[in-house]
>>> print(open('target21.cif').read())   # mmCIF, C-alpha atoms
data_upload
#
loop_
_atom_site.label_atom_id
_atom_site.label_comp_id
_atom_site.auth_asym_id
_atom_site.auth_seq_id
_atom_site.Cartn_x
_atom_site.Cartn_y
_atom_site.Cartn_z
CA MET A 1 0.00 0.00 0.00
CA PRO A 2 1.38 3.49 -0.82
CA ILE A 3 2.56 5.17 2.37
CA ASN A 4 0.25 8.15 1.81
CA ASP A 5 -2.70 5.75 2.09
CA VAL A 6 -1.54 4.34 5.44
CA VAL A 7 -3.13 5.99 8.47
CA PRO A 8 -0.85 6.85 11.44
CA LEU A 9 -0.05 4.01 13.83
CA GLU A 10 -1.86 5.81 16.67
CA VAL A 11 -5.09 5.52 14.65
CA ARG A 12 -4.85 2.06 13.13
CA SER A 13 -3.26 0.40 16.19
CA ALA A 14 -3.45 2.69 19.21
CA ASP A 15 -2.22 -0.01 21.62
CA ALA A 16 0.96 -0.49 19.59
CA GLN A 17 1.62 3.26 19.57
CA VAL A 18 1.06 3.50 23.34
CA ALA A 19 3.42 0.55 23.94
CA LEU A 20 6.06 2.11 21.68
CA THR A 21 5.79 5.49 23.41
CA GLY A 22 5.98 3.85 26.84
CA LEU A 23 9.08 1.91 25.80
CA GLY A 24 10.71 5.07 24.51
CA VAL A 25 10.20 6.68 27.92
CA LEU A 26 11.20 3.66 30.03
CA LEU A 27 14.48 3.29 28.16
CA LEU A 28 15.59 6.65 29.49
CA ARG A 29 16.51 4.69 32.61
CA PRO A 30 19.28 2.06 32.83
CA ARG A 31 18.06 -1.51 32.28
CA GLU A 32 19.44 -4.97 33.04
CA GLN A 33 18.71 -6.44 29.60
CA SER A 34 20.88 -4.75 27.01
CA TRP A 35 18.54 -5.23 24.02
CA ALA A 36 14.84 -4.56 23.51
CA ASN A 37 13.48 -6.55 20.58
CA LEU A 38 11.15 -4.81 18.10
CA SER A 39 12.30 -6.74 15.04
CA VAL A 40 9.94 -7.61 12.17
CA THR A 41 7.35 -5.08 13.40
CA ASP A 42 4.88 -2.95 11.44
CA LEU A 43 5.65 0.60 12.59
CA ARG A 44 4.63 2.50 9.48
CA ARG A 45 3.84 6.15 10.30
CA ALA A 46 4.66 5.55 13.96
CA ASP A 47 5.17 8.62 16.15
CA CYS A 48 8.64 8.20 17.69
CA ASP A 49 9.50 11.89 17.96
CA GLY A 50 11.89 12.45 20.85
CA LEU A 51 11.73 8.83 22.03
CA TRP A 52 14.75 7.18 23.64
CA LEU A 53 15.41 3.92 21.78
CA PRO A 54 19.12 3.11 22.28
CA GLU A 55 20.26 -0.48 21.67
CA VAL A 56 16.83 -1.44 20.34
CA ASN A 57 16.66 -4.26 17.78
CA LEU A 58 14.52 -3.05 14.86
CA ASP A 59 15.91 -5.49 12.27
CA ARG A 60 13.61 -6.07 9.28
CA SER A 61 10.90 -3.82 10.70
CA CYS A 62 8.84 -1.50 8.48
CA MET A 63 9.10 2.11 9.66
CA GLU A 64 8.14 3.77 6.39
CA GLY A 65 6.95 7.32 6.97
CA ALA A 66 7.69 7.14 10.72
CA GLY A 67 8.34 10.31 12.67
CA LEU A 68 11.69 10.02 14.45
CA TYR A 69 12.46 13.68 14.94
CA HIS A 70 15.14 14.08 17.64
CA ALA A 71 14.86 10.38 18.57
CA ASN A 72 17.83 8.63 20.19
CA LEU A 73 18.79 5.44 18.34
CA THR A 74 22.35 5.16 19.63
CA GLN A 75 23.78 1.69 18.89
CA ALA A 76 20.39 0.48 17.65
CA SER A 77 20.27 -2.40 15.17
CA ILE A 78 18.45 -1.21 12.05
CA VAL A 79 19.47 -3.95 9.63
CA SER A 80 17.24 -4.27 6.53
CA VAL A 81 14.70 -1.82 7.97
CA ASN A 82 12.33 0.05 5.65
CA LEU A 83 12.74 3.73 6.61
CA ARG A 84 11.58 5.24 3.34
CA HIS A 85 10.34 8.81 3.87
CA ALA A 86 11.06 8.60 7.62
CA ASP A 87 11.70 11.91 9.39
CA LEU A 88 15.00 11.53 11.29
CA LYS A 89 15.85 15.22 11.52
CA THR A 90 18.27 15.89 14.41
CA ALA A 91 17.97 12.23 15.50
CA VAL A 92 20.97 10.41 17.01
CA LEU A 93 22.06 7.26 15.16
CA ARG A 94 25.56 7.19 16.56
CA ARG A 95 27.16 3.73 16.20
CA ALA A 96 23.84 2.38 14.88
CA ARG A 97 23.99 -0.65 12.57
CA CYS A 98 22.03 0.32 9.45
CA VAL A 99 23.34 -2.32 7.05
CA LEU A 100 21.06 -2.85 4.02
CA ALA A 101 18.54 -0.33 5.39
CA ASP A 102 16.18 1.34 2.90
CA LEU A 103 16.31 5.10 3.56
CA ARG A 104 15.08 6.36 0.21
CA GLY A 105 13.58 9.81 0.60
CA ALA A 106 14.29 9.88 4.35
CA ARG A 107 15.05 13.17 6.10
CA LEU A 108 18.34 13.06 7.98
CA VAL A 109 18.88 16.79 8.28
CA GLN A 110 21.38 17.67 11.03
CA THR A 111 21.30 14.02 12.12
CA ASP A 112 24.14 12.52 14.17
CA LEU A 113 25.41 9.60 12.05
CA ARG A 114 28.86 9.36 13.60
CA ASP A 115 30.41 5.88 13.45
CA ALA A 116 27.16 4.36 12.13
CA ASP A 117 27.37 1.46 9.66
CA PHE A 118 25.43 2.07 6.43
CA THR A 119 27.10 -0.68 4.41
CA GLU A 120 25.01 -1.35 1.27
CA ALA A 121 22.23 0.91 2.55
CA ASP A 122 19.93 2.60 0.03
CA LEU A 123 19.96 6.37 0.63
CA ARG A 124 18.78 7.50 -2.78
CA GLU A 125 16.99 10.87 -2.61
CA ALA A 126 17.60 11.07 1.15
CA ASN A 127 18.13 14.51 2.66
CA LEU A 128 21.39 14.53 4.63
CA ARG A 129 21.89 18.28 4.73
CA LYS A 130 24.28 19.30 7.51
CA ALA A 131 24.35 15.74 8.92
CA ASP A 132 27.45 14.69 10.86
CA ALA A 133 28.68 11.44 9.30
CA GLY A 134 32.15 11.48 10.82
CA GLY A 135 33.52 7.94 10.94
CA ALA A 136 30.39 6.52 9.32
CA VAL A 137 30.77 3.48 7.04
CA LEU A 138 29.02 4.08 3.70
CA CYS A 139 30.84 1.33 1.83
CA ARG A 140 28.82 0.25 -1.24
CA ALA A 141 25.93 2.47 -0.11
CA ASP A 142 23.73 4.15 -2.71
CA LEU A 143 23.58 7.95 -2.30
CA ARG A 144 22.50 8.83 -5.81
CA LEU A 145 20.42 12.03 -5.79
CA ALA A 146 20.90 12.32 -2.01
CA ASP A 147 21.21 15.92 -0.74
CA LEU A 148 24.72 16.24 0.73
CA ARG A 149 24.88 20.01 1.05
CA GLY A 150 26.79 20.84 4.21
CA THR A 151 27.19 17.17 5.19
CA ASP A 152 30.34 16.25 7.12
CA LEU A 153 31.82 13.21 5.36
CA GLY A 154 35.41 14.13 6.22
CA THR A 155 36.23 10.85 7.95
CA ALA A 156 33.54 8.63 6.40
CA ASP A 157 34.30 5.39 4.54
CA LEU A 158 33.11 6.05 0.98
CA ARG A 159 34.57 3.01 -0.75
CA GLN A 160 32.42 2.04 -3.76
CA THR A 161 29.73 4.51 -2.67
CA ARG A 162 27.47 5.61 -5.55
CA MET A 163 26.80 9.37 -5.61
CA THR A 164 25.76 10.22 -9.16
CA GLY A 165 23.58 13.33 -9.20
CA ALA A 166 23.95 14.01 -5.48
CA PRO A 167 23.98 17.77 -4.79
CA ALA A 168 26.75 19.08 -2.51
CA SER A 169 27.92 22.56 -1.55
CA GLU A 170 31.11 24.34 -0.59
CA HIS A 171 30.35 23.41 3.03
CA THR A 172 30.31 19.67 2.35
CA ARG A 173 33.36 17.99 3.86
CA TRP A 174 35.05 15.10 2.00
CA PRO A 175 37.73 12.57 2.99
CA VAL A 176 41.27 13.60 2.11
CA GLY A 177 41.96 12.73 -1.50
CA PHE A 178 38.34 11.91 -2.36
CA ASP A 179 37.39 13.12 -5.87
CA HIS A 180 33.71 14.02 -5.53
CA ALA A 181 33.55 15.31 -9.10
CA ALA A 182 34.63 11.92 -10.44
CA ALA A 183 31.94 10.33 -8.23
CA GLY A 184 29.28 12.32 -10.08
CA VAL A 185 28.51 14.80 -7.28
CA VAL A 186 26.95 18.09 -8.43
CA VAL A 187 28.22 21.16 -6.54
CA THR A 188 25.46 23.72 -6.02
CA GLU A 189 24.52 26.58 -3.71
CA ASP A 190 24.22 25.88 0.02
CA PRO A 191 20.62 26.13 1.31
CA GLY A 192 21.60 28.20 4.36
CA PRO A 193 19.98 27.78 7.81
CA GLU A 194 17.46 24.97 8.19
CA PRO A 195 13.84 25.98 8.92
CA SER A 196 12.45 25.39 12.38
CA PRO A 197 10.72 21.99 12.73
CA LEU A 198 7.90 23.81 14.52
CA LEU A 199 6.94 25.36 11.19
CA GLN A 200 6.72 22.00 9.41
CA PRO A 201 3.99 19.35 9.52
CA PRO A 202 4.66 16.26 11.68
CA GLY A 203 6.38 13.45 9.83
CA ILE A 204 3.48 11.05 10.41
CA THR A 205 1.02 13.32 8.57
CA THR A 206 3.26 14.50 5.73
CA GLN A 207 2.18 13.59 2.20
CA HIS A 208 5.24 12.17 0.48
CA PRO A 209 6.02 12.67 -3.22
CA SER A 210 6.73 9.63 -5.32
CA LEU A 211 10.37 8.55 -5.36
CA ARG A 212 12.19 8.93 -8.66
CA SER A 213 14.35 5.94 -7.75
CA MET A 214 11.60 3.35 -7.48
CA PRO A 215 11.79 0.42 -7.49
#
>>> encode(input="target21.cif", output="structure tokens")
Amino acid sequence: MPINDVVPLEVRSADAQVALTGLGVLLLRPREQSWANLSVTDLRRADCDGLWLPEVNLDRSCMEGAGLYHANLTQASIVSVNLRHADLKTAVLRRARCVLADLRGARLVQTDLRDADFTEADLREANLRKADAGGAVLCRADLRLADLRGTDLGTADLRQTRMTGAPASEHTRWPVGFDHAAAGVVVTEDPGPEPSPLLQPPGITTQHPSLRSMP
């Protein structure tokens, strides 16, 4: 079903949204068990804004169109997760394992991606403006058409990363010796300061345009 036809999780499954919100509050406190397991879960258009979800196992879950604004996903396992069109603006994914994740069209503006593993992840058309990807592994990841204006990739692993058509700006930082022009990156004007999230509709209610990179 197209994501624009999916009603928010709080409407179609209120108990699941309440449980998710409760978990995101409880995990603010130290816990004996290191991992909480939410793998293979339908969390499309879930409201996770500001939730604390460190070291949570979300492997193979569907979080398409989810709102994860300012969420904490430090060291979370996000392997093969569908995060298409998810709103991860200012979220923390530090040391998260995002191998094979589908992040097409996702918003990762000013997101903390330091030391995260995006090996073979699909980030086509994702918005990574001003994201901090220091030490991130983007080996064999697909960043074609991804917005990299102002992104810090200075210490990222960009081996075999595809970037054709990705816009970058003078503020984008690259690894020493990396030839972004040869990688197909298009240098364009920097967008300037990011708009306040308070002036934008919540991620779970946003109507998403069709991806140019489908399927």
>>> residues_around(input="target21.cif", residues="Val79 (chain A)", least_positions_apart="6", cutoff="9 Å", atoms="all atoms listed in the file", output="list in words")
Asn57, Leu58, Asp59, Arg60, Ser61, Arg97, Cys98, Val99, Leu100 and Ala101 of chain A
>>> write_last_selection(input="target21.cif", atoms="C-alpha atoms", output="PDB file, keeping the file's coordinate frame")
ATOM      1  CA  ASN A  57      16.660  -4.260  17.780  1.00  0.00           C
ATOM      2  CA  LEU A  58      14.520  -3.050  14.860  1.00  0.00           C
ATOM      3  CA  ASP A  59      15.910  -5.490  12.270  1.00  0.00           C
ATOM      4  CA  ARG A  60      13.610  -6.070   9.280  1.00  0.00           C
ATOM      5  CA  SER A  61      10.900  -3.820  10.700  1.00  0.00           C
ATOM      6  CA  ARG A  97      23.990  -0.650  12.570  1.00  0.00           C
ATOM      7  CA  CYS A  98      22.030   0.320   9.450  1.00  0.00           C
ATOM      8  CA  VAL A  99      23.340  -2.320   7.050  1.00  0.00           C
ATOM      9  CA  LEU A 100      21.060  -2.850   4.020  1.00  0.00           C
ATOM     10  CA  ALA A 101      18.540  -0.330   5.390  1.00  0.00           C
TER      11      ALA A 101
END
>>> resolve_selection(input="target21.cif", expression="the PyMOL selection byres ((chain A and resi 74-77) around 10)", output="number ranges by chain")
A: 35-39, 52-60, 71-73, 78-81, 91-99, 112-117
>>> closest_residue(input="target21.cif", among="A:Val187, A:Met63, A:Leu145, A:Val137", to="Gly105 (chain A)", atoms="all atoms listed in the file")
A:Leu145
>>> atom_distance(input="target21.cif", atom1="CA of Arg12 (chain A)", atom2="CA of Thr205 (chain A)")
13.5 Å
>>> residues_around(input="target21.cif", residues="Leu9 (chain A)", least_positions_apart="2", cutoff="6 Å", atoms="only C-alpha atoms", output="NGL selection string")
:A and (11-13 or 45-46)
>>> residues_around(input="target21.cif", residues="Met163 (chain A)", least_positions_apart="2", cutoff="10 Å", atoms="all atoms listed in the file", output="PDB file with C-alpha atoms, in the frame of the given file")
ATOM      1  CA  LEU A 123      19.960   6.370   0.630  1.00  0.00           C
ATOM      2  CA  ARG A 124      18.780   7.500  -2.780  1.00  0.00           C
ATOM      3  CA  ALA A 141      25.930   2.470  -0.110  1.00  0.00           C
ATOM      4  CA  ASP A 142      23.730   4.150  -2.710  1.00  0.00           C
ATOM      5  CA  LEU A 143      23.580   7.950  -2.300  1.00  0.00           C
ATOM      6  CA  ARG A 144      22.500   8.830  -5.810  1.00  0.00           C
ATOM      7  CA  LEU A 145      20.420  12.030  -5.790  1.00  0.00           C
ATOM      8  CA  ALA A 146      20.900  12.320  -2.010  1.00  0.00           C
ATOM      9  CA  ASP A 147      21.210  15.920  -0.740  1.00  0.00           C
ATOM     10  CA  LEU A 148      24.720  16.240   0.730  1.00  0.00           C
ATOM     11  CA  LEU A 158      33.110   6.050   0.980  1.00  0.00           C
ATOM     12  CA  GLN A 160      32.420   2.040  -3.760  1.00  0.00           C
ATOM     13  CA  THR A 161      29.730   4.510  -2.670  1.00  0.00           C
ATOM     14  CA  GLY A 165      23.580  13.330  -9.200  1.00  0.00           C
ATOM     15  CA  ALA A 166      23.950  14.010  -5.480  1.00  0.00           C
ATOM     16  CA  PRO A 167      23.980  17.770  -4.790  1.00  0.00           C
ATOM     17  CA  HIS A 180      33.710  14.020  -5.530  1.00  0.00           C
ATOM     18  CA  ALA A 181      33.550  15.310  -9.100  1.00  0.00           C
ATOM     19  CA  ALA A 182      34.630  11.920 -10.440  1.00  0.00           C
ATOM     20  CA  ALA A 183      31.940  10.330  -8.230  1.00  0.00           C
ATOM     21  CA  GLY A 184      29.280  12.320 -10.080  1.00  0.00           C
ATOM     22  CA  VAL A 185      28.510  14.800  -7.280  1.00  0.00           C
ATOM     23  CA  VAL A 186      26.950  18.090  -8.430  1.00  0.00           C
TER      24      VAL A 186
END
>>> resolve_selection(input="target21.cif", expression="the PyMOL selection byres ((chain A and resi 42) around 8)", output="list in words")
Val40, Thr41, Leu43, Arg44, Ser61, Cys62 and Met63 of chain A
>>> atom_distance(input="target21.cif", atom1="CA of Ala126 (chain A)", atom2="CA of Ile204 (chain A)")
16.9 Å
>>> build_atoms(input="target21.cif", residues="region 135-155 of chain A", atoms="N, CA, C and O atoms", output="PDB file, in the frame of the given file")
ATOM      1  N   GLY A 135      33.248   9.327  10.600  1.00  0.00           N
ATOM      2  CA  GLY A 135      33.520   7.940  10.940  1.00  0.00           C
ATOM      3  C   GLY A 135      32.466   6.953  10.474  1.00  0.00           C
ATOM      4  O   GLY A 135      32.587   5.750  10.726  1.00  0.00           O
ATOM      5  N   ALA A 136      31.442   7.418   9.792  1.00  0.00           N
ATOM      6  CA  ALA A 136      30.390   6.520   9.320  1.00  0.00           C
ATOM      7  C   ALA A 136      30.908   5.644   8.171  1.00  0.00           C
ATOM      8  O   ALA A 136      31.741   6.066   7.371  1.00  0.00           O
ATOM      9  N   VAL A 137      30.396   4.418   8.108  1.00  0.00           N
ATOM     10  CA  VAL A 137      30.770   3.480   7.040  1.00  0.00           C
ATOM     11  C   VAL A 137      29.659   3.507   5.992  1.00  0.00           C
ATOM     12  O   VAL A 137      28.528   3.097   6.256  1.00  0.00           O
ATOM     13  N   LEU A 138      29.975   4.015   4.809  1.00  0.00           N
ATOM     14  CA  LEU A 138      29.020   4.080   3.700  1.00  0.00           C
ATOM     15  C   LEU A 138      29.512   3.244   2.533  1.00  0.00           C
ATOM     16  O   LEU A 138      29.193   3.516   1.376  1.00  0.00           O
ATOM     17  N   CYS A 139      30.268   2.210   2.848  1.00  0.00           N
ATOM     18  CA  CYS A 139      30.840   1.330   1.830  1.00  0.00           C
ATOM     19  C   CYS A 139      29.725   0.669   1.017  1.00  0.00           C
ATOM     20  O   CYS A 139      28.809   0.059   1.578  1.00  0.00           O
ATOM     21  N   ARG A 140      29.790   0.826  -0.291  1.00  0.00           N
ATOM     22  CA  ARG A 140      28.820   0.250  -1.240  1.00  0.00           C
ATOM     23  C   ARG A 140      27.396   0.767  -1.007  1.00  0.00           C
ATOM     24  O   ARG A 140      26.426   0.164  -1.484  1.00  0.00           O
ATOM     25  N   ALA A 141      27.247   1.866  -0.291  1.00  0.00           N
ATOM     26  CA  ALA A 141      25.930   2.470  -0.110  1.00  0.00           C
ATOM     27  C   ALA A 141      25.541   3.227  -1.376  1.00  0.00           C
ATOM     28  O   ALA A 141      26.388   3.626  -2.177  1.00  0.00           O
ATOM     29  N   ASP A 142      24.244   3.457  -1.539  1.00  0.00           N
ATOM     30  CA  ASP A 142      23.730   4.150  -2.710  1.00  0.00           C
ATOM     31  C   ASP A 142      23.219   5.530  -2.288  1.00  0.00           C
ATOM     32  O   ASP A 142      22.184   5.638  -1.635  1.00  0.00           O
ATOM     33  N   LEU A 143      23.965   6.585  -2.640  1.00  0.00           N
ATOM     34  CA  LEU A 143      23.580   7.950  -2.300  1.00  0.00           C
ATOM     35  C   LEU A 143      23.253   8.764  -3.554  1.00  0.00           C
ATOM     36  O   LEU A 143      23.324   9.995  -3.552  1.00  0.00           O
ATOM     37  N   ARG A 144      22.860   8.101  -4.608  1.00  0.00           N
ATOM     38  CA  ARG A 144      22.500   8.830  -5.810  1.00  0.00           C
ATOM     39  C   ARG A 144      21.301   9.744  -5.544  1.00  0.00           C
ATOM     40  O   ARG A 144      20.315   9.340  -4.928  1.00  0.00           O
ATOM     41  N   LEU A 145      21.442  10.996  -5.958  1.00  0.00           N
ATOM     42  CA  LEU A 145      20.420  12.030  -5.790  1.00  0.00           C
ATOM     43  C   LEU A 145      20.200  12.436  -4.336  1.00  0.00           C
ATOM     44  O   LEU A 145      19.287  13.196  -4.032  1.00  0.00           O
ATOM     45  N   ALA A 146      21.028  11.932  -3.413  1.00  0.00           N
ATOM     46  CA  ALA A 146      20.900  12.320  -2.010  1.00  0.00           C
ATOM     47  C   ALA A 146      21.440  13.742  -1.822  1.00  0.00           C
ATOM     48  O   ALA A 146      22.428  14.128  -2.444  1.00  0.00           O
ATOM     49  N   ASP A 147      20.793  14.537  -0.988  1.00  0.00           N
ATOM     50  CA  ASP A 147      21.210  15.920  -0.740  1.00  0.00           C
ATOM     51  C   ASP A 147      22.323  15.919   0.293  1.00  0.00           C
ATOM     52  O   ASP A 147      22.105  15.625   1.472  1.00  0.00           O
ATOM     53  N   LEU A 148      23.534  16.258  -0.136  1.00  0.00           N
ATOM     54  CA  LEU A 148      24.720  16.240   0.730  1.00  0.00           C
ATOM     55  C   LEU A 148      25.252  17.641   0.999  1.00  0.00           C
ATOM     56  O   LEU A 148      26.401  17.798   1.393  1.00  0.00           O
ATOM     57  N   ARG A 149      24.426  18.641   0.838  1.00  0.00           N
ATOM     58  CA  ARG A 149      24.880  20.010   1.050  1.00  0.00           C
ATOM     59  C   ARG A 149      25.152  20.260   2.538  1.00  0.00           C
ATOM     60  O   ARG A 149      24.259  20.116   3.370  1.00  0.00           O
ATOM     61  N   GLY A 150      26.397  20.575   2.837  1.00  0.00           N
ATOM     62  CA  GLY A 150      26.790  20.840   4.210  1.00  0.00           C
ATOM     63  C   GLY A 150      27.035  19.603   5.040  1.00  0.00           C
ATOM     64  O   GLY A 150      27.287  19.715   6.249  1.00  0.00           O
ATOM     65  N   THR A 151      26.985  18.422   4.457  1.00  0.00           N
ATOM     66  CA  THR A 151      27.190  17.170   5.190  1.00  0.00           C
ATOM     67  C   THR A 151      28.674  16.982   5.515  1.00  0.00           C
ATOM     68  O   THR A 151      29.536  17.235   4.679  1.00  0.00           O
ATOM     69  N   ASP A 152      28.949  16.515   6.726  1.00  0.00           N
ATOM     70  CA  ASP A 152      30.340  16.250   7.120  1.00  0.00           C
ATOM     71  C   ASP A 152      30.663  14.784   6.849  1.00  0.00           C
ATOM     72  O   ASP A 152      30.271  13.892   7.587  1.00  0.00           O
ATOM     73  N   LEU A 153      31.383  14.546   5.755  1.00  0.00           N
ATOM     74  CA  LEU A 153      31.820  13.210   5.360  1.00  0.00           C
ATOM     75  C   LEU A 153      33.339  13.103   5.440  1.00  0.00           C
ATOM     76  O   LEU A 153      33.945  12.208   4.858  1.00  0.00           O
ATOM     77  N   GLY A 154      33.955  14.002   6.200  1.00  0.00           N
ATOM     78  CA  GLY A 154      35.410  14.130   6.220  1.00  0.00           C
ATOM     79  C   GLY A 154      36.150  12.876   6.631  1.00  0.00           C
ATOM     80  O   GLY A 154      37.253  12.619   6.153  1.00  0.00           O
ATOM     81  N   THR A 155      35.573  12.080   7.508  1.00  0.00           N
ATOM     82  CA  THR A 155      36.230  10.850   7.950  1.00  0.00           C
ATOM     83  C   THR A 155      35.375   9.620   7.664  1.00  0.00           C
ATOM     84  O   THR A 155      35.540   8.577   8.295  1.00  0.00           O
TER      85      THR A 155
END
